[in-house]
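A.B. asks: If it helps, the file is called final.tsv and holds TSV, C-alpha atoms:
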chain	number	residue	atom	x	y	z
A	1	MET	CA	-102.76	-16.05	112.12
A	2	ARG	CA	-101.72	-19.18	110.24
A	3	LEU	CA	-98.49	-20.84	111.36
A	4	ARG	CA	-95.75	-21.23	108.79
A	5	LYS	CA	-94.91	-24.91	108.29
A	6	LYS	CA	-91.72	-25.78	110.12
A	7	LYS	CA	-88.72	-26.75	108.06
A	8	ASN	CA	-88.42	-30.50	107.37
A	9	LEU	CA	-91.60	-31.12	109.38
A	10	ASP	CA	-92.44	-34.46	107.75
A	11	GLU	CA	-88.94	-35.84	108.35
A	12	ARG	CA	-88.95	-34.57	111.94
A	13	ILE	CA	-92.28	-36.26	112.62
A	14	LYS	CA	-90.95	-39.55	111.26
A	15	ALA	CA	-87.97	-39.23	113.61
A	16	CYS	CA	-90.48	-39.18	116.51
A	17	TRP	CA	-92.46	-42.15	115.22
A	18	ASP	CA	-91.67	-44.23	118.31
A	19	ILE	CA	-93.56	-41.84	120.59
A	20	LEU	CA	-96.33	-40.85	118.16
A	21	VAL	CA	-99.10	-43.42	118.63
A	22	VAL	CA	-101.76	-41.63	116.55
A	23	TYR	CA	-101.09	-39.68	113.36
A	24	GLU	CA	-104.47	-38.67	111.96
A	25	GLN	CA	-104.25	-38.03	108.24
A	26	PHE	CA	-106.59	-35.94	106.09
A	27	GLY	CA	-108.15	-39.13	104.72
A	28	PHE	CA	-109.49	-40.11	108.15
A	29	TYR	CA	-112.95	-38.71	107.43
A	30	ASP	CA	-113.15	-40.62	104.16
A	31	LEU	CA	-112.87	-43.93	106.02
A	32	PRO	CA	-116.04	-45.90	106.83
A	33	GLU	CA	-116.99	-45.79	110.49
A	34	ASP	CA	-115.78	-49.34	111.21
A	35	LYS	CA	-112.31	-48.54	109.83
A	36	ARG	CA	-111.69	-45.45	111.95
A	37	CYS	CA	-111.22	-47.23	115.27
A	38	ASN	CA	-107.60	-47.94	116.25
A	39	LEU	CA	-107.48	-48.27	120.02
A	40	ILE	CA	-104.13	-47.81	121.76
A	41	ASP	CA	-102.73	-50.89	123.49
A	42	TYR	CA	-101.29	-49.32	126.65
A	43	LYS	CA	-99.31	-52.41	127.64
A	44	LYS	CA	-97.71	-52.49	124.19
A	45	VAL	CA	-96.81	-48.80	123.89
A	46	PHE	CA	-95.79	-48.14	127.51
A	47	GLY	CA	-94.61	-51.60	128.53
A	48	ASN	CA	-96.57	-51.54	131.80
A	49	ASN	CA	-100.05	-51.26	133.30
A	50	ASN	CA	-99.59	-47.95	135.12
A	51	PRO	CA	-102.47	-45.44	135.38
A	52	VAL	CA	-102.95	-43.24	132.33
A	53	HIS	CA	-103.41	-39.46	132.35
A	54	LEU	CA	-104.45	-37.47	129.29
A	55	GLU	CA	-103.72	-33.86	128.32
A	56	VAL	CA	-105.99	-32.51	125.58
A	57	GLY	CA	-104.31	-29.64	123.72
A	58	CYS	CA	-100.73	-30.10	124.92
A	59	GLY	CA	-99.23	-27.33	122.77
A	60	LYS	CA	-95.43	-27.37	122.92
A	61	GLY	CA	-95.56	-29.96	125.68
A	62	GLY	CA	-93.89	-28.23	128.61
A	63	PHE	CA	-96.58	-29.28	131.07
A	64	VAL	CA	-96.77	-32.96	130.12
A	65	ALA	CA	-92.98	-33.30	130.01
A	66	GLU	CA	-92.54	-31.89	133.50
A	67	MET	CA	-95.43	-33.95	134.87
A	68	ALA	CA	-93.97	-37.11	133.36
A	69	LEU	CA	-90.59	-36.44	134.95
A	70	LEU	CA	-92.24	-35.86	138.33
A	71	HIS	CA	-94.42	-38.97	138.02
A	72	PRO	CA	-92.62	-41.90	136.38
A	73	GLU	CA	-95.31	-44.15	137.90
A	74	ILE	CA	-97.93	-42.63	135.57
A	75	ASN	CA	-98.29	-42.97	131.79
A	76	PHE	CA	-99.23	-39.81	129.90
A	77	LEU	CA	-101.03	-39.34	126.60
A	78	ALA	CA	-100.74	-35.87	125.06
A	79	VAL	CA	-103.05	-34.71	122.29
A	80	GLU	CA	-102.39	-31.87	119.87
A	81	LYS	CA	-104.16	-31.29	116.56
A	82	ILE	CA	-101.54	-29.02	114.97
A	83	SER	CA	-98.49	-30.98	113.79
A	84	ASN	CA	-96.48	-27.77	113.55
A	85	VAL	CA	-96.85	-27.32	117.31
A	86	LEU	CA	-96.78	-30.97	118.35
A	87	ILE	CA	-93.34	-31.53	116.86
A	88	CYS	CA	-91.85	-29.21	119.51
A	89	ALA	CA	-93.43	-31.30	122.29
A	90	MET	CA	-92.24	-34.59	120.82
A	91	GLU	CA	-88.69	-33.43	120.17
A	92	ASN	CA	-88.47	-32.01	123.69
A	93	CYS	CA	-89.53	-35.33	125.25
A	94	LYS	CA	-87.02	-37.24	123.14
A	95	LYS	CA	-84.28	-34.80	124.09
A	96	LEU	CA	-85.09	-35.30	127.78
A	97	GLY	CA	-85.27	-39.07	127.37
A	98	ILE	CA	-88.82	-39.27	128.73
A	99	LYS	CA	-90.32	-42.73	128.29
A	100	ASN	CA	-93.77	-42.37	129.88
A	101	VAL	CA	-95.30	-39.92	127.38
A	102	LYS	CA	-96.89	-40.83	124.04
A	103	PHE	CA	-98.48	-38.39	121.60
A	104	LEU	CA	-101.63	-38.24	119.50
A	105	ASN	CA	-101.76	-35.92	116.49
A	106	CYS	CA	-105.53	-35.78	116.06
A	107	ASP	CA	-108.72	-33.82	116.59
A	108	ALA	CA	-110.07	-34.04	120.15
A	109	SER	CA	-113.49	-34.94	118.79
A	110	ASN	CA	-112.02	-38.25	117.56
A	111	LEU	CA	-110.44	-39.40	120.83
A	112	GLY	CA	-113.02	-42.15	121.23
A	113	TYR	CA	-111.54	-43.91	118.21
A	114	TYR	CA	-108.13	-44.21	119.84
A	115	ILE	CA	-108.49	-44.24	123.62
A	116	ASN	CA	-110.12	-47.09	125.52
A	117	GLU	CA	-113.24	-46.39	127.55
A	118	ASP	CA	-112.84	-46.29	131.34
A	119	SER	CA	-109.06	-46.00	131.05
A	120	ILE	CA	-108.16	-42.37	131.86
A	121	SER	CA	-107.84	-41.51	135.53
A	122	LYS	CA	-107.06	-37.82	135.04
A	123	LEU	CA	-107.70	-35.45	132.11
A	124	TYR	CA	-106.02	-32.06	131.83
A	125	LEU	CA	-107.39	-29.07	129.92
A	126	ASN	CA	-104.75	-26.35	130.12
A	127	PHE	CA	-105.52	-22.94	128.63
A	128	SER	CA	-107.73	-24.28	125.86
A	129	CYS	CA	-108.89	-21.75	123.28
A	130	PRO	CA	-112.00	-20.02	124.75
A	131	TRP	CA	-113.56	-19.39	121.32
A	132	PRO	CA	-115.11	-16.13	122.59
A	133	LYS	CA	-117.73	-15.76	119.85
A	134	LYS	CA	-120.95	-17.50	120.88
A	135	LYS	CA	-121.43	-19.10	117.46
A	136	TYR	CA	-118.22	-21.10	118.02
A	137	ALA	CA	-119.15	-22.33	121.50
A	138	ASN	CA	-119.32	-25.93	120.30
A	139	GLN	CA	-115.56	-25.74	119.65
A	140	ARG	CA	-114.79	-25.16	123.33
A	141	LEU	CA	-113.28	-28.24	124.91
A	142	THR	CA	-115.84	-28.23	127.70
A	143	ASN	CA	-118.79	-28.17	125.32
A	144	ALA	CA	-121.23	-31.06	125.81
A	145	ARG	CA	-120.03	-32.83	122.65
A	146	PHE	CA	-116.56	-33.18	124.19
A	147	LEU	CA	-117.87	-33.95	127.68
A	148	LYS	CA	-119.70	-36.96	126.22
A	149	ILE	CA	-116.37	-38.25	125.00
A	150	TYR	CA	-114.55	-37.57	128.28
A	151	GLN	CA	-117.33	-39.30	130.20
A	152	LYS	CA	-116.65	-42.53	128.32
A	153	LEU	CA	-112.87	-42.30	128.58
A	154	LEU	CA	-112.66	-41.52	132.31
A	155	THR	CA	-112.48	-44.22	134.94
A	156	THR	CA	-115.22	-44.43	137.56
A	157	ASP	CA	-113.39	-41.98	139.84
A	158	GLY	CA	-111.66	-40.10	137.01
A	159	GLU	CA	-111.15	-36.36	137.16
A	160	ILE	CA	-110.97	-33.38	134.83
A	161	LEU	CA	-108.61	-30.58	135.83
A	162	GLN	CA	-108.89	-27.32	133.93
A	163	LYS	CA	-106.82	-24.14	134.06
A	164	THR	CA	-107.59	-21.01	132.07
A	165	ASP	CA	-106.94	-17.29	132.06
A	166	SER	CA	-110.35	-16.62	130.46
A	167	PRO	CA	-113.26	-15.68	132.77
A	168	LEU	CA	-115.61	-16.51	129.89
A	169	MET	CA	-114.16	-20.02	129.53
A	170	PHE	CA	-114.22	-20.48	133.30
A	171	GLU	CA	-117.89	-19.53	133.65
A	172	TYR	CA	-118.86	-21.57	130.59
A	173	SER	CA	-117.02	-24.64	131.89
A	174	VAL	CA	-118.59	-24.41	135.35
A	175	GLU	CA	-122.02	-24.28	133.73
A	176	GLN	CA	-121.41	-27.07	131.21
A	177	LEU	CA	-119.74	-29.45	133.66
A	178	SER	CA	-122.49	-28.94	136.24
A	179	GLN	CA	-125.26	-29.48	133.70
A	180	PHE	CA	-123.57	-32.63	132.44
A	181	GLY	CA	-123.54	-34.19	135.90
A	182	PHE	CA	-119.97	-33.59	137.02
A	183	GLY	CA	-119.37	-32.74	140.64
A	184	LEU	CA	-117.07	-29.74	140.98
A	185	PHE	CA	-114.20	-29.33	143.43
A	186	ASP	CA	-111.16	-27.06	143.82
A	187	VAL	CA	-112.93	-24.24	141.99
A	188	SER	CA	-110.97	-21.00	142.16
A	189	CYS	CA	-110.90	-17.62	140.42
A	190	ASP	CA	-107.32	-17.09	141.62
A	191	LEU	CA	-105.42	-20.37	141.64
A	192	HIS	CA	-102.06	-18.91	142.61
A	193	ASN	CA	-103.51	-17.36	145.76
A	194	SER	CA	-105.42	-20.48	146.77
A	195	LYS	CA	-104.45	-23.66	148.62
A	196	ILE	CA	-105.12	-25.85	145.60
A	197	GLU	CA	-102.20	-28.07	144.60
A	198	ASN	CA	-100.63	-26.85	141.37
A	199	GLU	CA	-97.58	-28.99	140.69
A	200	VAL	CA	-96.60	-27.70	137.25
A	201	LEU	CA	-97.12	-24.34	135.57
A	202	THR	CA	-97.71	-24.28	131.82
A	203	GLU	CA	-95.99	-21.84	129.48
A	204	TYR	CA	-99.18	-19.76	129.20
A	205	GLU	CA	-99.68	-19.86	132.95
A	206	LYS	CA	-96.24	-18.44	133.62
A	207	TYR	CA	-96.85	-15.67	131.10
A	208	PHE	CA	-100.34	-14.69	132.24
A	209	SER	CA	-99.54	-14.77	135.93
A	210	GLY	CA	-96.39	-12.78	135.17
A	211	ILE	CA	-98.47	-9.91	133.79
A	212	GLY	CA	-100.85	-10.03	136.75
A	213	LYS	CA	-103.76	-11.99	135.27
A	214	PRO	CA	-105.54	-14.38	137.66
A	215	ILE	CA	-105.56	-18.07	136.78
A	216	TYR	CA	-108.90	-19.87	137.01
A	217	HIS	CA	-109.10	-23.52	138.07
A	218	ILE	CA	-111.82	-26.17	138.02
A	219	GLY	CA	-111.74	-29.76	139.22
A	220	ALA	CA	-114.59	-32.02	138.08
A	221	ARG	CA	-115.48	-35.59	138.91
A	222	LEU	CA	-118.23	-37.74	137.39
A	223	ASN	CA	-119.67	-40.44	139.62
A	224	LYS	CA	-120.61	-43.14	137.13
As structure tokens - that is how I would like this structure written.
C.D. replies:
Amino acid sequence: MRLRKKKNLDERIKACWDILVVYEQFGFYDLPEDKRCNLIDYKKVFGNNNPVHLEVGCGKGGFVAEMALLHPEINFLAVEKISNVLICAMENCKKLGIKNVKFLNCDASNLGYYINEDSISKLYLNFSCPWPKKKYANQRLTNARFLKIYQKLLTTDGEILQKTDSPLMFEYSVEQLSQFGFGLFDVSCDLHNSKIENEVLTEYEKYFSGIGKPIYHIGARLNK
């Protein structure tokens, strides 16, 4: 179902310009390859050299906002392709006065144009769309085409942490991550009944666990 465009969306996005570091326009794909790259200067946008964590597919931003409040010593980048959804995350962070979160309104396949290599110490994939039909498997955020990007962005000891309610997505991710050379840890088919640390629950996680669905978890680390 297509989302109805929020009222005054363009004006509301402009009001969040100070925390929106990437705003990918439709003309992006018309640009020549050498004009697409616009790497984020962390020192400039955050004002410090703290470690950087990345959430791909932040939705309405509840997770990244709570994480940022818990960890002021960490800088967070939050990516969301759909402006209609991202605006909720940005406005929430501004309302809460959070300074250590910046947002990217772009496609995850283009992250290499904006994020420096070897700069992300932790990458979160929270309840990404499982794309259940096999013909759309390359859209899953743990498909090899995305793992190639993450591999470049992650620091030497960087980690991917994934949560999902989908057994299909869980099994697919375990297979893809293993084949790509990631070492797995904290793998669970029932996160909430495990001893794995789970600091912040996402909106989806609260809902799914509330109706009795198990939450799947995967930790992955690539030794470069």
A.B. asks: Where does region 119-157 of chain A meet region 38-62 of chain A within 8 Å, residue by residue, with the nearest atom pair and distance in Å to one decimal for each, counting all atoms listed in the file, listed by chain and rising number, as CSV?
C.D. replies:
residue,atom,partner,partner_atom,distance
A:Ser119,CA,A:Val52,CA,6.8
A:Ile120,CA,A:Val52,CA,5.3
A:Ser121,CA,A:His53,CA,5.8
A:Lys122,CA,A:His53,CA,4.8
A:Leu123,CA,A:Leu54,CA,4.8
A:Tyr124,CA,A:Glu55,CA,4.6
A:Leu125,CA,A:Val56,CA,5.7
A:Asn126,CA,A:Gly57,CA,7.2
A:Ser128,CA,A:Gly57,CA,6.7
A.B. asks: Excluding Trp17 (chain A) and its own-chain neighbours fewer than 3 positions away, which residues fall within 12 Å of it when counting all atoms listed in the file? Please give them as a PyMOL selection string.
C.D. replies: chain A and resi 10-14+20-23+45+87+90-91+94+102-105
A.B. asks: What does the structure give for the distance between CA of Ala89 (chain A) and CA of Tyr114 (chain A), in Å to one decimal?
C.D. replies: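 Value for the CA of Ala89 (chain A)-CA of Tyr114 (chain A) distance: 19.7 Å.
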A.B. asks: Using only C-alpha atoms, which of the listed residues (A:Lys148, A:Lys95, A:Lys135, A:Lys7) sits closest to Glu117 (chain A)?
C.D. replies: A:Lys148
A.B. asks: Would you mind telling me which residue in A:Leu154, A:Leu111, A:Val200, A:Ile218 lies nearest to Ser173 (chain A) when using all atoms listed in the file?
C.D. replies: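 Of all the options, A:Ile218 lies closest to Ser173 (chain A).
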A.B. asks: Please enclose the listed atoms of region 126-139 of chain A in an axis-aligned box, pad each side by 5 Å, and write out the centre and the three edge lengths in Å, rounded to one decimal, as lines of an AutoDock Vina configuration file.
C.D. replies:
center_x = -113.1
center_y = -21.1
center_z = 123.8
size_x = 26.7
size_y = 20.6
size_z = 22.7
A.B. asks: Would you work out the distance separating CA of Ser178 (chain A) from CA of Asn193 (chain A), expressed in Å to one decimal?
C.D. replies: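 Distance between the two atoms: 24.2 Å.
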A.B. asks: Between CA of Thr164 (chain A) and CA of Cys129 (chain A), what is the spacing in Å?
C.D. replies: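 Result for CA of Cys129 (chain A) versus CA of Thr164 (chain A): 8.9 Å, one decimal.
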A.B. asks: Have a look at A:Gly112, A:His217, A:Asp157, A:Phe28 and name the one nearest to Arg145 (chain A); count all atoms listed in the file.
C.D. replies: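 Nearest candidate to Arg145 (chain A) out of A:Gly112, A:His217, A:Asp157, A:Phe28: A:Gly112.
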A.B. asks: Can you tell me which residues surround Lys213 (chain A) at a distance of at most 12 Å, considering all atoms listed in the file, apart from same-chain residues fewer than 5 positions away, and format the answer as a PDB file with C-alpha atoms, keeping the file's coordinate frame?
C.D. replies:
ATOM      1  CA  THR A 164    -107.590 -21.010 132.070  1.00  0.00           C
ATOM      2  CA  ASP A 165    -106.940 -17.290 132.060  1.00  0.00           C
ATOM      3  CA  SER A 166    -110.350 -16.620 130.460  1.00  0.00           C
ATOM      4  CA  PRO A 167    -113.260 -15.680 132.770  1.00  0.00           C
ATOM      5  CA  CYS A 189    -110.900 -17.620 140.420  1.00  0.00           C
ATOM      6  CA  ASP A 190    -107.320 -17.090 141.620  1.00  0.00           C
ATOM      7  CA  LEU A 191    -105.420 -20.370 141.640  1.00  0.00           C
ATOM      8  CA  HIS A 192    -102.060 -18.910 142.610  1.00  0.00           C
ATOM      9  CA  ASN A 193    -103.510 -17.360 145.760  1.00  0.00           C
ATOM     10  CA  TYR A 204     -99.180 -19.760 129.200  1.00  0.00           C
ATOM     11  CA  GLU A 205     -99.680 -19.860 132.950  1.00  0.00           C
ATOM     12  CA  LYS A 206     -96.240 -18.440 133.620  1.00  0.00           C
ATOM     13  CA  TYR A 207     -96.850 -15.670 131.100  1.00  0.00           C
ATOM     14  CA  PHE A 208    -100.340 -14.690 132.240  1.00  0.00           C
TER      15      PHE A 208
END
A.B. asks: Smallest atom-to-atom distance to Asp186 (chain A): which of A:Pro32, A:Gly219, A:Gly97, A:Gly212, using only C-alpha atoms?
C.D. replies: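 When distances to Asp186 (chain A) are compared using only C-alpha atoms, the smallest one comes from A:Gly219.
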A.B. asks: Using only C-alpha atoms, which residue out of A:Ile149, A:Cys106, A:Ile215, A:Leu222 lies closest to Tyr29 (chain A)?
C.D. replies: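 For Tyr29 (chain A), the nearest of the given residues is A:Cys106.
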A.B. asks: With all atoms listed in the file as the counted atoms, please give the residues lying no more than 12 Å from Trp131 (chain A), apart from itself and same-chain residues fewer than 4 positions off, as a list in words.
C.D. replies: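 Skipping anything fewer than 4 positions along the chain leaves Phe127, Lys135, Tyr136, Ala137, Asn138, Gln139, Arg140, Leu141, Thr142, Asn143, Ser166, Leu168, Met169 and Tyr172 of chain A.
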A.B. asks: Would you put the residues from that selection into a file with C-alpha atoms, as a short mmCIF file (atom, residue, chain, number, x, y, z; two decimals), keeping the file's coordinate frame?
C.D. replies:
data_model
loop_
_atom_site.label_atom_id
_atom_site.label_comp_id
_atom_site.auth_asym_id
_atom_site.auth_seq_id
_atom_site.Cartn_x
_atom_site.Cartn_y
_atom_site.Cartn_z
CA PHE A 127 -105.52 -22.94 128.63
CA LYS A 135 -121.43 -19.10 117.46
CA TYR A 136 -118.22 -21.10 118.02
CA ALA A 137 -119.15 -22.33 121.50
CA ASN A 138 -119.32 -25.93 120.30
CA GLN A 139 -115.56 -25.74 119.65
CA ARG A 140 -114.79 -25.16 123.33
CA LEU A 141 -113.28 -28.24 124.91
CA THR A 142 -115.84 -28.23 127.70
CA ASN A 143 -118.79 -28.17 125.32
CA SER A 166 -110.35 -16.62 130.46
CA LEU A 168 -115.61 -16.51 129.89
CA MET A 169 -114.16 -20.02 129.53
CA TYR A 172 -118.86 -21.57 130.59
#
